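Raw contents of upload35.txt, compact mmCIF, C-alpha atoms:
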# COMPACT_ATOMS: atom_id res chain seq x y z
CA MET A 164 -17.91 -18.79 -25.91
CA ILE A 165 -19.12 -17.12 -22.76
CA ILE A 166 -22.76 -16.53 -21.88
CA PRO A 167 -23.71 -13.91 -20.76
CA ALA A 168 -21.05 -11.51 -22.03
CA LEU A 169 -17.75 -11.08 -20.19
CA GLU A 170 -18.78 -7.61 -19.01
CA TYR A 171 -21.43 -9.07 -16.69
CA TYR A 172 -18.85 -11.17 -14.90
CA LEU A 173 -16.47 -8.23 -14.63
CA VAL A 174 -19.19 -6.05 -13.12
CA LEU A 175 -20.03 -8.81 -10.63
CA GLY A 176 -16.37 -9.08 -9.65
CA ALA A 177 -16.10 -5.32 -9.31
CA ALA A 178 -19.26 -5.20 -7.18
CA LEU A 179 -17.89 -7.80 -4.77
CA PHE A 180 -14.56 -5.97 -4.67
CA ILE A 181 -16.22 -2.65 -3.84
CA ILE A 182 -18.46 -4.21 -1.18
CA GLY A 183 -15.41 -5.78 0.43
CA LEU A 184 -13.54 -2.49 0.24
CA LEU A 185 -16.44 -0.69 1.91
CA GLY A 186 -16.48 -3.35 4.61
CA VAL A 187 -12.80 -2.75 5.33
CA LEU A 188 -13.31 1.02 5.46
CA VAL A 189 -16.60 1.12 7.34
CA ARG A 190 -16.68 -1.66 9.92
CA ARG A 191 -14.98 -1.40 13.29
CA ASN A 192 -15.03 -5.08 14.21
CA LEU A 193 -11.71 -6.65 13.22
CA LEU A 194 -13.30 -10.04 12.43
CA ILE A 195 -15.66 -8.47 9.92
CA VAL A 196 -12.80 -6.50 8.38
CA PHE A 197 -11.13 -9.86 7.72
CA MET A 198 -14.32 -11.25 6.16
CA SER A 199 -14.40 -8.20 3.90
CA ILE A 200 -10.87 -9.01 2.74
CA GLU A 201 -12.14 -12.47 1.80
CA LEU A 202 -14.89 -10.77 -0.23
CA ILE A 203 -12.25 -8.74 -2.09
CA LEU A 204 -10.37 -11.94 -2.96
CA LEU A 205 -13.61 -13.58 -4.15
CA GLY A 206 -14.27 -10.63 -6.46
CA ALA A 207 -10.79 -11.02 -7.92
CA ASN A 208 -11.43 -14.76 -8.44
CA VAL A 209 -14.63 -14.08 -10.41
CA THR A 210 -12.70 -11.70 -12.66
CA PHE A 211 -9.91 -14.25 -13.16
CA VAL A 212 -12.28 -17.05 -14.16
CA GLY A 213 -14.32 -14.76 -16.40
CA PHE A 214 -11.23 -13.71 -18.36
CA ALA A 215 -9.90 -17.28 -18.42
CA VAL A 216 -13.06 -18.54 -20.09
CA ALA A 217 -13.45 -15.57 -22.42
CA LEU A 218 -9.85 -15.80 -23.61
CA ASP A 219 -9.70 -19.62 -23.74
CA ASN A 220 -6.67 -19.65 -21.47
CA MET A 221 -6.47 -21.96 -18.49
CA LEU A 222 -3.84 -19.80 -16.76
CA GLY A 223 -6.64 -17.71 -15.26
CA GLN A 224 -8.16 -20.76 -13.62
CA ALA A 225 -4.76 -22.01 -12.44
CA PHE A 226 -4.13 -18.61 -10.90
CA VAL A 227 -7.36 -18.84 -8.89
CA ILE A 228 -5.86 -21.90 -7.18
CA PHE A 229 -2.95 -19.72 -6.03
CA SER A 230 -5.39 -17.01 -4.99
CA LEU A 231 -7.22 -19.57 -2.84
CA THR A 232 -3.90 -20.57 -1.28
CA VAL A 233 -3.17 -16.97 -0.39
CA ALA A 234 -6.69 -16.55 1.04
CA ALA A 235 -6.27 -19.62 3.25
CA ALA A 236 -2.82 -18.53 4.47
CA GLU A 237 -4.07 -15.01 5.11
CA ALA A 238 -7.06 -16.27 7.11
CA ALA A 239 -4.90 -18.59 9.23
CA VAL A 240 -2.27 -15.99 10.10
CA GLY A 241 -4.80 -13.16 10.47
CA LEU A 242 -7.04 -15.10 12.83
CA ALA A 243 -4.01 -16.15 14.88
CA ILE A 244 -3.10 -12.47 15.17
CA ILE A 245 -6.69 -11.71 16.24
CA VAL A 246 -6.54 -14.39 18.94
CA ALA A 247 -3.20 -13.12 20.25
CA LEU A 248 -4.45 -9.53 20.13
CA SER A 249 -7.67 -10.18 21.99
CA ARG A 250 -5.72 -12.08 24.64
CA HIS A 251 -3.43 -9.10 25.03
CA ARG A 252 -5.74 -6.10 24.72
CA ASP A 253 -9.22 -7.60 25.17
CA THR A 254 -10.72 -5.65 22.28
CA LEU A 255 -11.50 -6.20 18.60
CA ASN A 256 -12.30 -2.58 17.82
CA VAL A 257 -9.93 -1.36 15.13
CA ASP A 258 -10.01 2.18 16.53
CA GLU A 259 -8.61 1.04 19.85
CA ILE A 260 -5.83 -1.01 18.27
CA ASN A 261 -3.50 1.85 17.44
CA THR A 262 -0.14 1.04 18.99
CA LEU A 263 2.58 -1.19 17.62
CA LYS A 264 4.06 -1.75 21.04
CA GLY A 265 1.82 -3.66 23.44
CA MET B 222 -37.21 -19.52 -24.23
CA THR B 223 -33.79 -19.95 -25.76
CA SER B 224 -30.98 -21.46 -23.76
CA GLU B 225 -29.14 -18.15 -23.89
CA THR B 226 -31.84 -16.21 -22.04
CA LEU B 227 -32.14 -19.10 -19.59
CA LEU B 228 -28.42 -18.96 -18.84
CA THR B 229 -28.65 -15.18 -18.45
CA LEU B 230 -31.50 -15.59 -15.97
CA ILE B 231 -29.52 -18.16 -13.98
CA PHE B 232 -26.54 -15.81 -14.00
CA ALA B 233 -28.77 -12.95 -12.80
CA TYR B 234 -30.03 -15.03 -9.89
CA PHE B 235 -26.57 -16.14 -8.75
CA ALA B 236 -25.05 -12.67 -9.21
CA LEU B 237 -27.84 -10.86 -7.38
CA ALA B 238 -27.91 -13.37 -4.54
CA SER B 239 -24.14 -13.22 -4.06
CA VAL B 240 -24.18 -9.41 -4.03
CA VAL B 241 -27.06 -9.37 -1.51
CA PHE B 242 -25.23 -11.83 0.75
CA ALA B 243 -22.04 -9.77 0.40
CA VAL B 244 -23.93 -6.65 1.53
CA LEU B 245 -25.28 -8.64 4.48
CA VAL B 246 -21.71 -9.61 5.42
CA ILE B 247 -20.77 -5.98 5.92
CA MET B 248 -24.12 -4.83 7.34
CA LEU B 249 -25.08 -7.41 9.98
CA ARG B 250 -24.27 -6.83 13.61
CA ASN B 251 -23.50 -10.34 14.81
CA PRO B 252 -20.20 -11.71 13.43
CA VAL B 253 -21.63 -15.25 13.36
CA GLN B 254 -24.40 -14.10 11.03
CA CYS B 255 -21.79 -12.32 8.91
CA ALA B 256 -19.80 -15.56 8.59
CA LEU B 257 -22.92 -17.47 7.54
CA SER B 258 -23.69 -14.79 4.94
CA LEU B 259 -20.17 -15.30 3.63
CA VAL B 260 -21.07 -18.98 3.17
CA GLY B 261 -24.05 -17.78 1.08
CA VAL B 262 -21.74 -15.63 -1.07
CA VAL B 263 -19.37 -18.55 -1.65
CA PHE B 264 -22.14 -20.99 -2.62
CA HIS B 265 -23.66 -18.58 -5.13
CA LEU B 266 -20.26 -17.81 -6.60
CA ALA B 267 -19.76 -21.55 -6.99
CA GLY B 268 -22.92 -21.47 -9.12
CA ILE B 269 -21.35 -18.69 -11.21
CA PHE B 270 -18.22 -20.81 -11.69
CA ILE B 271 -20.29 -23.80 -12.81
CA LEU B 272 -22.00 -21.49 -15.30
CA LEU B 273 -18.51 -20.68 -16.60
CA ARG B 274 -17.69 -24.42 -16.85
CA ALA B 275 -15.03 -24.16 -14.13
CA GLU B 276 -16.38 -27.06 -12.10
CA PHE B 277 -13.18 -27.77 -10.22
CA LEU B 278 -12.92 -24.20 -8.97
CA ALA B 279 -16.56 -24.27 -7.86
CA ALA B 280 -15.87 -27.34 -5.74
CA ALA B 281 -12.57 -25.91 -4.49
CA HIS B 282 -14.26 -22.70 -3.40
CA ILE B 283 -16.93 -24.54 -1.44
CA ILE B 284 -14.39 -26.85 0.19
CA ILE B 285 -11.79 -24.21 1.03
CA TYR B 286 -13.99 -21.24 1.87
CA ALA B 287 -17.07 -22.83 3.43
CA GLY B 288 -15.20 -25.84 4.74
CA ALA B 289 -11.99 -24.31 6.04
CA ILE B 290 -11.82 -20.52 6.16
CA ILE B 291 -15.28 -19.79 7.53
CA VAL B 292 -15.05 -22.65 10.00
CA LEU B 293 -11.79 -21.06 11.15
CA PHE B 294 -13.64 -17.75 11.58
CA LEU B 295 -16.35 -19.45 13.64
CA PHE B 296 -13.77 -21.20 15.84
CA THR B 297 -12.05 -17.87 16.46
CA MET B 298 -15.36 -16.30 17.47
CA MET B 299 -15.91 -19.13 19.94
CA LEU B 300 -12.46 -18.50 21.43
CA LEU B 301 -13.14 -14.80 21.84
CA ASN B 302 -15.74 -12.93 23.82
CA ILE B 303 -17.87 -11.58 20.98
CA GLY B 304 -20.79 -10.52 23.16
CA ALA B 305 -18.89 -7.44 24.29
CA VAL B 306 -17.97 -6.53 20.73
CA GLU B 307 -21.57 -6.54 19.57
CA ARG B 308 -22.74 -3.82 21.91
CA VAL B 309 -20.36 -1.11 20.76
CA ARG B 310 -20.99 1.13 17.77
CA GLN B 311 -20.43 -0.91 14.62
CA PHE B 312 -19.72 1.67 11.95
CA HIS B 313 -16.95 4.15 11.57
CA VAL B 314 -17.53 7.91 11.46
CA GLN B 315 -15.93 7.88 8.01
CA ALA B 316 -18.71 5.63 6.65
CA PRO B 317 -20.55 8.21 4.47
CA LEU B 318 -17.31 9.35 2.85
CA ALA B 319 -16.27 5.73 2.25
CA ILE B 320 -19.61 4.94 0.60
CA VAL B 321 -19.33 7.95 -1.72
CA ILE B 322 -15.79 7.00 -2.74
CA GLY B 323 -16.81 3.36 -3.22
CA ALA B 324 -19.70 4.41 -5.47
CA ILE B 325 -17.38 6.58 -7.56
CA LEU B 326 -14.89 3.72 -7.88
CA PHE B 327 -17.67 1.31 -8.92
CA LEU B 328 -18.92 3.71 -11.60
CA GLU B 329 -15.36 4.02 -12.84
CA PHE B 330 -15.12 0.23 -13.08
CA ILE B 331 -18.35 0.07 -15.09
CA VAL B 332 -17.26 2.81 -17.49
CA LEU B 333 -13.89 1.18 -18.04
CA THR B 334 -15.48 -2.24 -18.52
CA GLY B 335 -17.83 -0.93 -21.18
CA ALA B 336 -15.18 1.11 -22.97
CA THR B 337 -12.06 -0.96 -23.20
CA ILE B 338 -12.82 -4.67 -23.36
CA THR B 339 -11.87 -6.07 -26.74
CA ILE B 340 -11.26 -9.79 -26.87
CA GLY B 341 -8.17 -10.30 -28.97
CA ALA B 342 -6.51 -13.54 -30.01
CA GLN B 343 -7.91 -16.63 -28.32
CA GLY B 344 -5.60 -18.63 -26.09
CA PRO B 345 -4.55 -22.24 -26.58
CA HIS B 346 -7.12 -23.84 -24.28
CA SER B 347 -10.32 -23.79 -26.33
CA PRO B 348 -13.41 -25.72 -25.19
CA ALA B 349 -12.52 -28.38 -27.76
CA TRP B 350 -9.05 -28.77 -26.18
CA VAL B 351 -10.60 -28.99 -22.71
CA ALA B 352 -13.03 -31.65 -23.93
CA GLY B 353 -10.12 -33.51 -25.54
CA GLN B 354 -8.32 -33.61 -22.20
CA GLY B 355 -11.39 -35.22 -20.65
CA GLY B 356 -12.95 -32.24 -18.88
CA ASN B 357 -12.23 -29.19 -16.79
CA VAL B 358 -10.44 -31.02 -13.97
CA GLN B 359 -8.06 -32.86 -16.30
CA ALA B 360 -7.37 -29.70 -18.30
CA LEU B 361 -6.63 -27.69 -15.17
CA GLY B 362 -4.36 -30.47 -13.93
CA GLN B 363 -2.46 -30.47 -17.24
CA VAL B 364 -1.88 -26.72 -17.04
CA LEU B 365 -1.12 -26.66 -13.33
CA PHE B 366 1.26 -29.62 -13.15
CA ARG B 367 2.95 -29.21 -16.52
CA ASP B 368 3.34 -25.48 -17.09
CA TYR B 369 3.05 -24.06 -13.58
CA LEU B 370 4.59 -26.75 -11.40
CA LEU B 371 7.09 -24.44 -9.70
CA PRO B 372 4.49 -21.85 -8.58
CA PHE B 373 2.38 -24.75 -7.30
CA GLU B 374 5.24 -26.01 -5.12
CA VAL B 375 5.98 -22.48 -3.92
CA ALA B 376 2.32 -22.24 -2.88
CA SER B 377 2.80 -25.28 -0.67
CA VAL B 378 5.80 -23.58 0.95
CA LEU B 379 3.59 -20.54 1.57
CA LEU B 380 0.97 -22.73 3.26
CA THR B 381 3.59 -24.37 5.47
CA ALA B 382 4.93 -20.96 6.50
CA ALA B 383 1.37 -19.81 7.27
CA VAL B 384 0.68 -22.86 9.44
CA VAL B 385 3.90 -22.39 11.41
CA GLY B 386 3.24 -18.67 11.75
CA ALA B 387 -0.32 -19.22 12.95
CA ILE B 388 0.83 -21.69 15.62
CA VAL B 389 3.60 -19.38 16.82
CA LEU B 390 1.28 -16.36 16.97
CA ALA B 391 -1.65 -18.02 18.71
CA ARG B 392 0.42 -20.05 21.18
CA GLN B 393 -0.15 -19.28 24.85
CA ARG B 394 3.08 -17.70 26.03
CA PRO B 395 4.42 -18.59 29.49
CA ARG B 396 4.18 -15.72 31.95
CA ARG B 397 7.44 -13.83 32.23
CA PRO B 398 8.56 -12.91 35.73
CA ARG B 399 8.18 -9.20 36.55
CA SER B 400 11.88 -8.60 37.00
CA SER B 401 13.00 -10.49 33.93
CA SER B 402 15.25 -7.59 32.91
CA GLU B 403 17.25 -7.81 36.11
CA MET B 404 17.22 -11.58 36.22
CA GLY B 405 19.86 -13.31 34.14
CA VAL B 406 18.72 -15.15 31.04
CA ALA B 407 20.04 -18.49 32.27
CA GLU B 408 18.26 -18.04 35.58
CA TRP B 409 15.01 -17.14 33.83
CA MET B 410 15.27 -20.15 31.54
CA ALA B 411 15.92 -22.41 34.54
CA GLU B 412 12.82 -21.10 36.27
CA ARG B 413 10.75 -21.59 33.15
CA TYR B 414 12.06 -25.11 32.77
CA GLU B 415 11.17 -25.86 36.38
CA LYS B 416 7.65 -24.55 35.92
CA ALA B 417 7.18 -26.62 32.79
CA ASN B 418 8.30 -29.73 34.68
CA VAL B 419 5.90 -29.04 37.51
CA ARG B 420 3.06 -28.54 35.07
CA SER B 421 3.74 -31.76 33.22
CA SER B 422 4.18 -33.78 36.41
CA ASN B 423 0.70 -33.09 37.79
CA ARG B 424 -1.26 -33.42 34.61
CA PRO B 425 -4.85 -33.33 35.98
CA ASN B 426 -4.38 -29.69 37.02
CA SER B 427 -2.87 -28.53 33.78
CA ALA B 428 -6.28 -28.00 32.12
CA GLU B 429 -7.15 -25.31 34.66
CA GLU B 430 -3.94 -23.43 34.03
CA ILE B 431 -4.53 -23.26 30.32
CA GLY B 432 -7.93 -21.66 30.76
CA ASP B 433 -6.73 -18.52 32.55

As structure tokens, please, write out the structure in this file.
Amino acid sequence: MIIPALEYYLVLGAALFIIGLLGVLVRRNLLIVFMSIELILLGANVTFVGFAVALDNMLGQAFVIFSLTVAAAEAAVGLAIIVALSRHRDTLNVDEINTLKG
Amino acid sequence: MTSETLLTLIFAYFALASVVFAVLVIMLRNPVQCALSLVGVVFHLAGIFILLRAEFLAAAHIIIYAGAIIVLFLFTMMLLNIGAVERVRQFHVQAPLAIVIGAILFLEFIVLTGATITIGAQGPHSPAWVAGQGGNVQALGQVLFRDYLLPFEVASVLLTAAVVGAIVLARQRPRRPRSSSEMGVAEWMAERYEKANVRSSNRPNSAEEIGD
């Protein structure tokens, strides 16, 4: 039994996903783009747990553990890339980072 | 007031607060304030998870997001010069278009959610089964370590790869000589080795060299 209905949780997850997506599209600061990606993953987690509880299946909750793992790995590697990039180019503006070759 | 309306009110508070904090994450100018708003999102989502009786995931989110990921963000900001970033224009020229498309996508989500959700057969892990295991943490452990042990181990491999990758990427590389293309590889390596020896031999000065 899930209170309130599953739809509320799905709409919350979708709202967080869309806000994160807008952050990725709209912001020019690379750090905040990464935070927006974390928001997208959080929205997915809410949807996972909502379905897991509504369907009485623990797989959804187990999958959130893997999603957290991916979020942590992504943050570690992404922030290392940001540090290397800012050392190299001295900018965090995504519009100025447009070449593959340094 | 019935318990159902009370739970709905609690849900409304946590959901609204997390959405407001999420909007602050993408609206605020200072990245440090954005990171702290992300902490607000995570704490309110932990409340949502407790409402769903997923206590372990609530704790895991607070520990991993607020305790590890956002602290990592803050450390990165301290390493970088964020004052210069703040003064430039923050939003893209494509912002209005992105907002329109995001609104359309959100409406689509809502329509699909209202139209197609039918809860079919219930899975094997009913609340009674969870209670029989001794609670949410024990039930999650049973599922994770009995049925999904291999994915769990693969996740640890992924974390190890991420740690190694992060160290390799963020490591301070030794300065290459200008004419490294003309210089032979062995010669270049010898010079590098010599420099490394010099650096390690007079240790008090090495801190200054790192900070360049």

Go ahead and fit an axis-aligned box to every listed atom of range 335-349 of chain B plus 5 Å each side, and pass me the centre and edge lengths in Å, one decimal, as lines of an AutoDock Vina configuration file.
center_x = -11.2
center_y = -13.6
center_z = -25.6
size_x = 23.3
size_y = 39.5
size_z = 18.8

Task: Expected answer as a ChimeraX atom specification: chain B residues within 6 Å of chain A, all atoms listed in the file - done: /B:229,247,311-313,316,343-344,346-347,365,380,383,387,390-391

Hey, can you spit out that residue selection with C-alpha atoms as a CSV table (one decimal), in the coordinates of the input?
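And here's out_5.csv as it stands now:
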chain,number,residue,atom,x,y,z
B,229,THR,CA,-28.6,-15.2,-18.4
B,247,ILE,CA,-20.8,-6.0,5.9
B,311,GLN,CA,-20.4,-0.9,14.6
B,312,PHE,CA,-19.7,1.7,12.0
B,313,HIS,CA,-17.0,4.2,11.6
B,316,ALA,CA,-18.7,5.6,6.6
B,343,GLN,CA,-7.9,-16.6,-28.3
B,344,GLY,CA,-5.6,-18.6,-26.1
B,346,HIS,CA,-7.1,-23.8,-24.3
B,347,SER,CA,-10.3,-23.8,-26.3
B,365,LEU,CA,-1.1,-26.7,-13.3
B,380,LEU,CA,1.0,-22.7,3.3
B,383,ALA,CA,1.4,-19.8,7.3
B,387,ALA,CA,-0.3,-19.2,13.0
B,390,LEU,CA,1.3,-16.4,17.0
B,391,ALA,CA,-1.6,-18.0,18.7

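As for CA of Ala236 in chain B and CA of Val262 in chain B, they are spaced 9.3 Å apart.
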
- [ ] Please indicate the distance in Å from CA of Ser239 in chain B to CA of Leu266 in chain B, rounded to one decimal place.
- [x]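 Here the two named atoms are 6.5 Å from each other.
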
TODO: Would you mind telling me which residue in B:Tyr414, B:Phe277, B:Phe294, B:Phe235 lies nearest to Gly261 in chain B when using only C-alpha atoms?
DONE: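 Among B:Tyr414, B:Phe277, B:Phe294, B:Phe235, it is B:Phe235 that comes nearest to Gly261 in chain B.
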
Task: Separation of CA of Ile320 in chain B from CA of Ala233 in chain B in Å - done: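 CA of Ile320 in chain B lies at a distance of 24.2 Å from CA of Ala233 in chain B.
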
TODO: Have a look at B:Leu300, B:Leu326, B:Ala352, B:Leu257 and name the one nearest to Ala243 in chain B; count only C-alpha atoms.
DONE: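 Under the stated criterion, the closest residue is B:Leu257.
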
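For the choices B:Thr334, B:Thr297, B:Asn418, B:Thr226, the atom-to-atom distance to Val253 in chain B is smallest for B:Thr297 when using all atoms listed in the file.
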
Task: Among listed residues B:Ala280, B:Val389, B:Val332, B:Val246, nearest Leu259 in chain B (using all atoms listed in the file) - done: B:Val246
